[in-house]
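For reference, run30.txt (compact mmCIF, C-alpha atoms):
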# COMPACT_ATOMS: atom_id res chain seq x y z
CA MET A 1 0.00 0.00 0.00
CA THR A 2 1.18 3.51 -0.75
CA GLU A 3 0.46 7.19 -0.27
CA THR A 4 -0.88 9.26 2.63
CA GLN A 5 -0.96 7.99 6.21
CA GLN A 6 -3.02 9.66 8.89
CA THR A 7 -4.21 8.75 12.36
CA PRO A 8 -8.01 8.44 12.36
CA PRO A 9 -10.38 9.14 15.22
CA ASP A 10 -11.84 6.06 16.86
CA PRO A 11 -14.51 4.93 14.32
CA GLU A 12 -16.77 3.71 17.12
CA ALA A 13 -16.70 7.20 18.66
CA GLN A 14 -17.52 9.04 15.44
CA PRO A 15 -20.98 10.55 14.97
CA GLU A 16 -23.25 8.31 12.93
CA ALA A 17 -23.35 10.78 10.03
CA GLN A 18 -19.56 10.95 9.78
CA LEU A 19 -19.26 7.17 9.90
CA ALA A 20 -21.88 6.89 7.14
CA GLN A 21 -19.90 9.37 5.05
CA LEU A 22 -16.71 7.34 5.57
CA LYS A 23 -18.48 4.16 4.48
CA GLN A 24 -19.69 5.92 1.33
CA GLU A 25 -16.14 6.96 0.51
CA ILE A 26 -14.97 3.36 0.95
CA LEU A 27 -17.79 2.15 -1.28
CA ARG A 28 -16.95 4.71 -3.99
CA GLY A 29 -13.37 3.45 -4.04
CA TRP A 30 -14.42 -0.16 -4.57
CA GLU A 31 -17.05 0.74 -7.14
CA ALA A 32 -14.52 2.82 -9.09
CA GLY A 33 -11.94 0.02 -8.99
CA ALA A 34 -14.32 -2.92 -9.51
CA ASP A 35 -13.55 -3.51 -13.18
CA PHE A 36 -9.79 -3.20 -12.60
CA PHE A 37 -9.83 -5.66 -9.71
CA ASP A 38 -12.14 -8.08 -11.54
CA GLU A 39 -9.69 -8.23 -14.44
CA ARG A 40 -6.73 -8.52 -12.05
CA TRP A 41 -8.29 -11.35 -10.03
CA GLY A 42 -9.84 -13.27 -12.93
CA ASP A 43 -11.93 -16.39 -12.38
CA GLN A 44 -9.74 -17.92 -9.66
CA GLY A 45 -8.08 -14.93 -7.99
CA ASP A 46 -4.58 -13.56 -8.49
CA GLU A 47 -1.48 -15.66 -7.85
CA PHE A 48 -1.40 -14.81 -4.15
CA HIS A 49 -5.04 -15.83 -3.65
CA VAL A 50 -4.47 -19.06 -5.57
CA GLU A 51 -1.12 -20.04 -4.01
CA LEU A 52 -1.23 -18.47 -0.55
CA PHE A 53 -4.45 -16.94 0.82
CA GLY A 54 -6.97 -19.47 -0.52
CA PRO A 55 -5.11 -22.63 0.56
CA ALA A 56 -4.55 -21.22 4.07
CA ALA A 57 -8.23 -20.36 4.42
CA GLU A 58 -9.24 -23.83 3.26
CA ARG A 59 -6.86 -25.53 5.70
CA LEU A 60 -8.18 -23.57 8.66
CA LEU A 61 -11.84 -23.97 7.64
CA GLY A 62 -11.41 -27.75 7.35
CA LEU A 63 -14.83 -28.21 5.74
CA SER A 64 -16.54 -31.22 4.19
CA ARG A 65 -18.84 -31.31 1.16
CA GLY A 66 -22.25 -29.83 1.80
CA ALA A 67 -21.14 -27.33 4.43
CA ARG A 68 -22.92 -23.96 4.41
CA VAL A 69 -20.41 -21.11 4.28
CA LEU A 70 -20.85 -17.35 4.61
CA GLU A 71 -18.22 -15.24 2.86
CA LEU A 72 -17.75 -11.55 3.63
CA ALA A 73 -15.96 -9.18 1.23
CA CYS A 74 -16.05 -11.77 -1.56
CA GLY A 75 -14.85 -9.42 -4.32
CA ASN A 76 -15.54 -10.97 -7.71
CA GLY A 77 -16.35 -14.37 -6.16
CA ALA A 78 -13.07 -16.18 -6.79
CA PHE A 79 -12.85 -17.86 -3.38
CA ALA A 80 -16.61 -18.53 -3.27
CA ARG A 81 -16.27 -20.46 -6.53
CA ARG A 82 -13.26 -22.31 -5.14
CA LEU A 83 -15.34 -23.51 -2.19
CA ALA A 84 -18.35 -24.31 -4.38
CA ARG A 85 -16.23 -26.47 -6.70
CA ASP A 86 -15.40 -28.54 -3.63
CA GLY A 87 -19.10 -29.05 -2.89
CA MET A 88 -19.82 -26.25 -0.40
CA GLN A 89 -23.01 -24.18 -0.31
CA VAL A 90 -21.79 -20.58 -0.32
CA LEU A 91 -23.53 -17.30 0.40
CA ALA A 92 -20.99 -14.71 -0.78
CA THR A 93 -21.38 -11.03 0.07
CA ASP A 94 -19.64 -7.76 -0.70
CA LEU A 95 -20.16 -4.05 -0.09
CA SER A 96 -19.79 -3.21 -3.78
CA PRO A 97 -22.80 -3.84 -6.07
CA ARG A 98 -20.47 -3.66 -9.06
CA LEU A 99 -18.22 -6.42 -7.71
CA ILE A 100 -21.26 -8.56 -6.91
CA GLU A 101 -22.44 -8.04 -10.49
CA ARG A 102 -19.06 -9.13 -11.85
CA ALA A 103 -19.04 -12.13 -9.49
CA GLN A 104 -22.42 -13.26 -10.77
CA GLN A 105 -21.38 -12.78 -14.40
CA ARG A 106 -18.20 -14.79 -13.96
CA THR A 107 -19.97 -17.58 -12.10
CA GLU A 108 -22.67 -17.86 -14.76
CA THR A 109 -20.07 -17.84 -17.54
CA ILE A 110 -17.78 -20.55 -16.15
CA ALA A 111 -20.37 -22.73 -14.40
CA TYR A 112 -19.76 -25.84 -16.49
CA GLN A 113 -20.37 -27.79 -13.29
CA ALA A 114 -23.05 -27.23 -10.67
CA MET A 115 -21.91 -24.62 -8.17
CA ASP A 116 -24.11 -23.68 -5.23
CA VAL A 117 -23.20 -19.99 -4.86
CA THR A 118 -25.53 -17.10 -4.04
CA TYR A 119 -24.33 -13.48 -4.11
CA ARG A 120 -25.67 -10.60 -2.02
CA VAL A 121 -24.71 -6.96 -1.49
CA LEU A 122 -23.90 -6.55 2.21
CA ASP A 123 -22.18 -4.07 4.51
CA ALA A 124 -20.02 -6.33 6.71
CA THR A 125 -19.90 -3.61 9.38
CA ASP A 126 -23.67 -3.96 9.90
CA GLU A 127 -24.19 -6.66 12.56
CA ARG A 128 -27.94 -6.90 12.09
CA ALA A 129 -27.60 -7.28 8.31
CA ILE A 130 -25.26 -10.24 8.80
CA VAL A 131 -27.60 -11.94 11.26
CA GLU A 132 -30.61 -11.42 8.99
CA LEU A 133 -28.96 -13.04 5.97
CA SER A 134 -30.36 -16.46 6.84
CA ASP A 135 -32.73 -18.10 9.32
CA GLU A 136 -30.48 -21.18 9.24
CA PRO A 137 -27.06 -20.92 10.91
CA PHE A 138 -23.90 -21.38 8.86
CA ASP A 139 -21.31 -24.08 9.41
CA ALA A 140 -18.48 -21.60 8.83
CA ALA A 141 -17.65 -18.09 7.69
CA VAL A 142 -14.64 -16.58 5.94
CA CYS A 143 -13.24 -13.17 5.02
CA VAL A 144 -10.19 -13.17 2.74
CA MET A 145 -8.28 -9.87 2.46
CA GLY A 146 -11.27 -7.76 3.41
CA VAL A 147 -10.81 -6.41 6.95
CA MET A 148 -8.27 -3.78 5.79
CA SER A 149 -11.18 -1.96 4.12
CA MET A 150 -13.49 -2.01 7.16
CA PRO A 151 -13.59 0.97 9.55
CA LEU A 152 -15.20 -1.20 12.26
CA LEU A 153 -14.60 -4.87 13.05
CA ARG A 154 -16.74 -5.55 16.13
CA PRO A 155 -20.05 -5.51 14.20
CA MET A 156 -18.60 -8.06 11.77
CA PHE A 157 -17.34 -10.34 14.55
CA GLY A 158 -20.58 -9.99 16.50
CA GLY A 159 -22.74 -10.68 13.47
CA VAL A 160 -20.73 -13.71 12.40
CA ARG A 161 -20.77 -15.19 15.90
CA ARG A 162 -24.57 -14.96 15.94
CA ALA A 163 -24.86 -16.34 12.40
CA LEU A 164 -22.71 -19.45 13.02
CA LYS A 165 -23.57 -22.83 14.46
CA PRO A 166 -22.01 -23.55 17.87
CA ARG A 167 -18.26 -24.11 17.40
CA GLY A 168 -18.52 -22.94 13.80
CA ALA A 169 -15.25 -21.54 12.44
CA PHE A 170 -14.70 -17.98 11.23
CA VAL A 171 -11.47 -17.63 9.23
CA VAL A 172 -9.97 -14.20 8.55
CA VAL A 173 -7.05 -13.77 6.14
CA THR A 174 -5.45 -10.33 6.04
CA LEU A 175 -2.18 -8.60 5.30
CA HIS A 176 0.16 -9.12 8.24
CA PRO A 177 -0.24 -5.94 10.33
CA ALA A 178 3.31 -6.16 11.68
CA TYR A 179 4.98 -6.41 8.27
CA ALA A 180 2.82 -5.68 5.20
CA THR A 181 1.71 -2.13 5.92
CA ALA A 182 2.17 1.32 4.42
CA ALA A 183 4.57 2.06 7.29
CA ASN A 184 7.30 -0.26 6.03
CA SER A 185 10.02 -0.09 3.42
CA PHE A 186 12.22 -2.79 1.99
CA ALA A 187 15.73 -2.50 3.45
CA LYS A 188 18.72 -2.53 1.11
CA GLY A 189 22.42 -1.98 1.59
CA LYS A 190 24.23 0.93 -0.05
CA ASP A 191 25.19 -1.10 -3.10
CA ASP A 192 22.37 -3.66 -3.01
CA GLU A 193 19.52 -4.02 -5.46
CA GLN A 194 17.97 -6.99 -3.71
CA PRO A 195 16.29 -6.25 -0.34
CA HIS A 196 17.58 -8.06 2.73
CA GLY A 197 14.83 -7.12 5.14
CA LEU A 198 12.21 -4.58 6.16
CA THR A 199 12.31 -1.27 7.99
CA ILE A 200 9.18 -0.77 10.12
CA SER A 201 8.41 2.79 11.23
CA ARG A 202 4.95 2.42 12.75
CA TYR A 203 2.84 -0.42 14.13
CA LEU A 204 1.03 0.08 17.44
CA SER A 205 -1.15 3.05 16.51
CA ARG A 206 -4.06 2.86 14.08
CA PHE A 207 -3.74 4.76 10.82
CA VAL A 208 -5.56 5.20 7.53
CA THR A 209 -3.90 4.91 4.14
CA HIS A 210 -5.25 6.53 1.00
CA GLY A 211 -3.46 4.68 -1.74
CA VAL A 212 -3.25 1.79 -4.18
CA THR A 213 -2.21 -1.84 -3.96
CA ASN A 214 -1.16 -2.09 -7.61
CA VAL A 215 0.86 0.39 -9.66
CA GLN A 216 -1.66 0.09 -12.49
CA GLN A 217 -4.59 1.00 -10.24
CA LYS A 218 -6.00 4.42 -11.14
CA GLU A 219 -8.32 5.13 -8.22
CA LYS A 220 -7.02 5.41 -4.67
CA GLN A 221 -8.82 3.61 -1.87
CA ILE A 222 -9.04 3.74 1.90
CA TYR A 223 -7.25 1.08 3.94
CA PHE A 224 -7.19 0.76 7.73
CA HIS A 225 -4.18 -0.39 9.70
CA ARG A 226 -4.77 -1.77 13.18
CA PRO A 227 -2.26 -3.73 15.28
CA LEU A 228 -2.88 -7.43 15.71
CA GLY A 229 -3.81 -7.06 19.36
CA GLU A 230 -6.59 -4.64 18.50
CA LEU A 231 -7.98 -6.94 15.81
CA LEU A 232 -7.95 -9.89 18.22
CA GLN A 233 -9.51 -7.90 21.05
CA ASP A 234 -12.41 -6.91 18.78
CA ALA A 235 -13.05 -10.61 18.17
CA PHE A 236 -12.65 -11.59 21.83
CA SER A 237 -15.07 -8.88 22.95
CA CYS A 238 -17.73 -10.46 20.73
CA GLY A 239 -17.41 -13.92 22.29
CA LEU A 240 -14.96 -15.45 19.82
CA ALA A 241 -11.78 -17.33 20.71
CA LEU A 242 -8.68 -17.75 18.54
CA ASP A 243 -7.91 -21.44 17.98
CA GLY A 244 -5.88 -21.48 14.76
CA ILE A 245 -3.25 -19.31 13.12
CA GLU A 246 -0.91 -19.40 10.12
CA GLU A 247 1.62 -16.73 9.12
CA LEU A 248 1.99 -16.73 5.34
CA ALA A 249 5.13 -15.96 3.36
CA ALA A 250 5.28 -15.54 -0.40
CA THR A 251 6.84 -18.31 -2.46
CA GLN A 252 10.59 -17.79 -2.67
CA GLN A 253 11.88 -16.76 -6.10
CA PRO A 254 15.20 -15.43 -7.40
CA TYR A 255 15.31 -11.63 -7.35
CA GLU A 256 15.46 -11.44 -11.16
CA GLN A 257 12.22 -13.44 -11.44
CA SER A 258 10.32 -12.15 -8.42
CA LYS A 259 6.92 -10.55 -8.92
CA LEU A 260 7.08 -8.80 -5.54
CA MET A 261 9.85 -7.98 -3.08
CA TRP A 262 8.13 -10.44 -0.73
CA ASN A 263 9.26 -13.29 -3.00
CA VAL A 264 12.90 -12.72 -2.00
CA LEU A 265 12.10 -12.46 1.74
CA PRO A 266 10.66 -15.90 2.57
CA GLU A 267 11.33 -15.47 6.32
CA LEU A 268 8.98 -12.48 6.57
CA PRO A 269 5.23 -13.18 6.39
CA MET A 270 3.17 -10.91 4.16
CA ALA A 271 -0.18 -12.20 5.44
CA ILE A 272 -1.76 -13.92 8.41
CA ALA A 273 -4.70 -16.34 8.64
CA LEU A 274 -6.71 -16.52 11.87
CA ARG A 275 -9.43 -18.99 12.90
CA PHE A 276 -12.00 -18.01 15.51
CA ARG A 277 -14.73 -20.04 17.22
CA SER A 278 -17.60 -19.07 19.47
CA MET A 279 -17.02 -19.11 23.25
CA GLY A 280 -20.75 -18.93 23.95
CA ALA A 281 -22.75 -15.86 24.86
CA ALA A 282 -20.88 -12.59 24.36

Translate this structure into structure tokens?
Amino acid sequence: MTETQQTPPDPEAQPEAQLAQLKQEILRGWEAGADFFDERWGDQGDEFHVELFGPAAERLLGLSRGARVLELACGNGAFARRLARDGMQVLATDLSPRLIERAQQRTETIAYQAMDVTYRVLDATDERAIVELSDEPFDAAVCVMGVMSMPLLRPMFGGVRRALKPRGAFVVVTLHPAYATAANSFAKGKDDEQPHGLTISRYLSRFVTHGVTNVQQKEKQIYFHRPLGELLQDAFSCGLALDGIEELAATQQPYEQSKLMWNVLPELPMAIALRFRSMGAA
């Protein structure tokens, strides 16, 4: 992520009108970038979703055929289709109507086999909206690379806890807040081209980034950095317990062939996958 960093006020303390305005700005960013991201992700997701994020989410979910899964921030439906190909029943949701439209189009186009996927527009920071999605509880829920775009996490955690069966798993995959943030830079020696590490300038305080995740992206978006402890505490306060974790490093490649700097730093995780389960009443 690149561009401007600023420390935001506590979203939960903001007046309702200001929070609504912030959500509209987030939505405009995703709507404006929907076609770009749909092309970038394709039918199965980009290389990092296919090789890193998706497999980690599947391992932590540990689901069998026929399981009912709720996905939040589904984008163009790449991971929903991945689950559906394995026999899951998926309700996939996203804030952006344009991304939901592209997800439906792609699923209809490539559905040479039966895939049980339903798409809905949903604000994942609206606890009631999550709970009202279905009268029947879900076996599991998942959010892959979506929480960075959410100004509030407690409504999501609270809604998912209420929407899951007892002991149902909720898996969150996100950029690693201690490493893959706008407050880092790749460390190089005076005469080095290849990075040998990271320089981290900020971690514990929350901040907002207005920037892009791809150099070809034209429209800037809003991303929220929060330290890992804050993310976990939001989940714990909603009655969820952490019972699974994987730190994910990019596949090692020679510097000359690497697609990202992360490919030459296999000891530094670019993402983290977390599995939560209900502890009972919150």

Using all atoms listed in the file: which of A:Phe224, A:Phe37, A:Trp262, A:Phe170 has the shortest distance to A:Ala250: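 Selected residue with least distance to A:Ala250: A:Trp262.
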
Could you give me, as an MDAnalysis selection string, the residues within 12 Å of A:Thr181, counting all atoms listed in the file and dropping anything in the same chain fewer than 4 positions from it? chainID A and resid 1:3 5 148 174:177 185:186 198:204 206:209 211:213 223:227 269:271

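Minimum atom-to-atom distance to A:Glu247, evaluated using all atoms listed in the file, belongs to A:Val173 out of A:Met279, A:Val173, A:Val264, A:Ala92.
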
At a cut-off of 9 Å, using all atoms listed in the file, what residues contact A:Trp41? Leave out same-chain residues fewer than 4 positions from it and give the result as a ChimeraX atom specification. /A:36-37,45-47,49,75-76,78

For atom CA of A:Arg161 and atom CA of A:Pro137, the interatomic separation in Å (one decimal):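 If I compute the distance from atom CA of A:Arg161 to atom CA of A:Pro137, I get 9.9 Å.
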
Excluding A:Met261 and any residue of its chain fewer than 2 positions from it, enumerate the residues within 9 Å of it, using all atoms listed in the file, and give them as a PyMOL selection string. chain A and resi 186+194-195+255+258-259+263-265

One number please: atom CA of A:Arg277 to atom CA of A:Met115, in Å, one decimal.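 Separating atom CA of A:Arg277 from atom CA of A:Met115 is a distance of 26.8 Å.
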
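One distance worth recording is that between atom CA of A:Leu248 and atom CA of A:Ile272, which is 5.6 Å.
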
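With only C-alpha atoms as the atoms that count, the minimum distance from A:Arg106 to the choices A:Asp38, A:Leu60, A:Val142, A:Asp94 is reached by A:Asp38.
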
Among listed residues A:Ile100, A:Thr251, A:Ser205, A:Val171, nearest A:Leu228 (using all atoms listed in the file):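 Using all atoms listed in the file, the shortest distance to A:Leu228 belongs to A:Ser205.
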
Counting all atoms listed in the file, which residues come within 9 Å of (-22.9, -27.4, 14.6), with the point read in the file's coordinates, and could you list them as a VMD selection string? chain A and resid 137 to 139 164 to 168

Written selection (C-alpha atoms) as a PDB file, in the frame of the given file:
ATOM      1  CA  PRO A 137     -27.060 -20.920  10.910  1.00  0.00           C
ATOM      2  CA  PHE A 138     -23.900 -21.380   8.860  1.00  0.00           C
ATOM      3  CA  ASP A 139     -21.310 -24.080   9.410  1.00  0.00           C
ATOM      4  CA  LEU A 164     -22.710 -19.450  13.020  1.00  0.00           C
ATOM      5  CA  LYS A 165     -23.570 -22.830  14.460  1.00  0.00           C
ATOM      6  CA  PRO A 166     -22.010 -23.550  17.870  1.00  0.00           C
ATOM      7  CA  ARG A 167     -18.260 -24.110  17.400  1.00  0.00           C
ATOM      8  CA  GLY A 168     -18.520 -22.940  13.800  1.00  0.00           C
TER       9      GLY A 168
END

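With only C-alpha atoms as the basis for measurement, A:Gly33 is the residue among A:Lys218, A:Glu246, A:Ala56, A:Gly33 that approaches A:Arg98 most closely.
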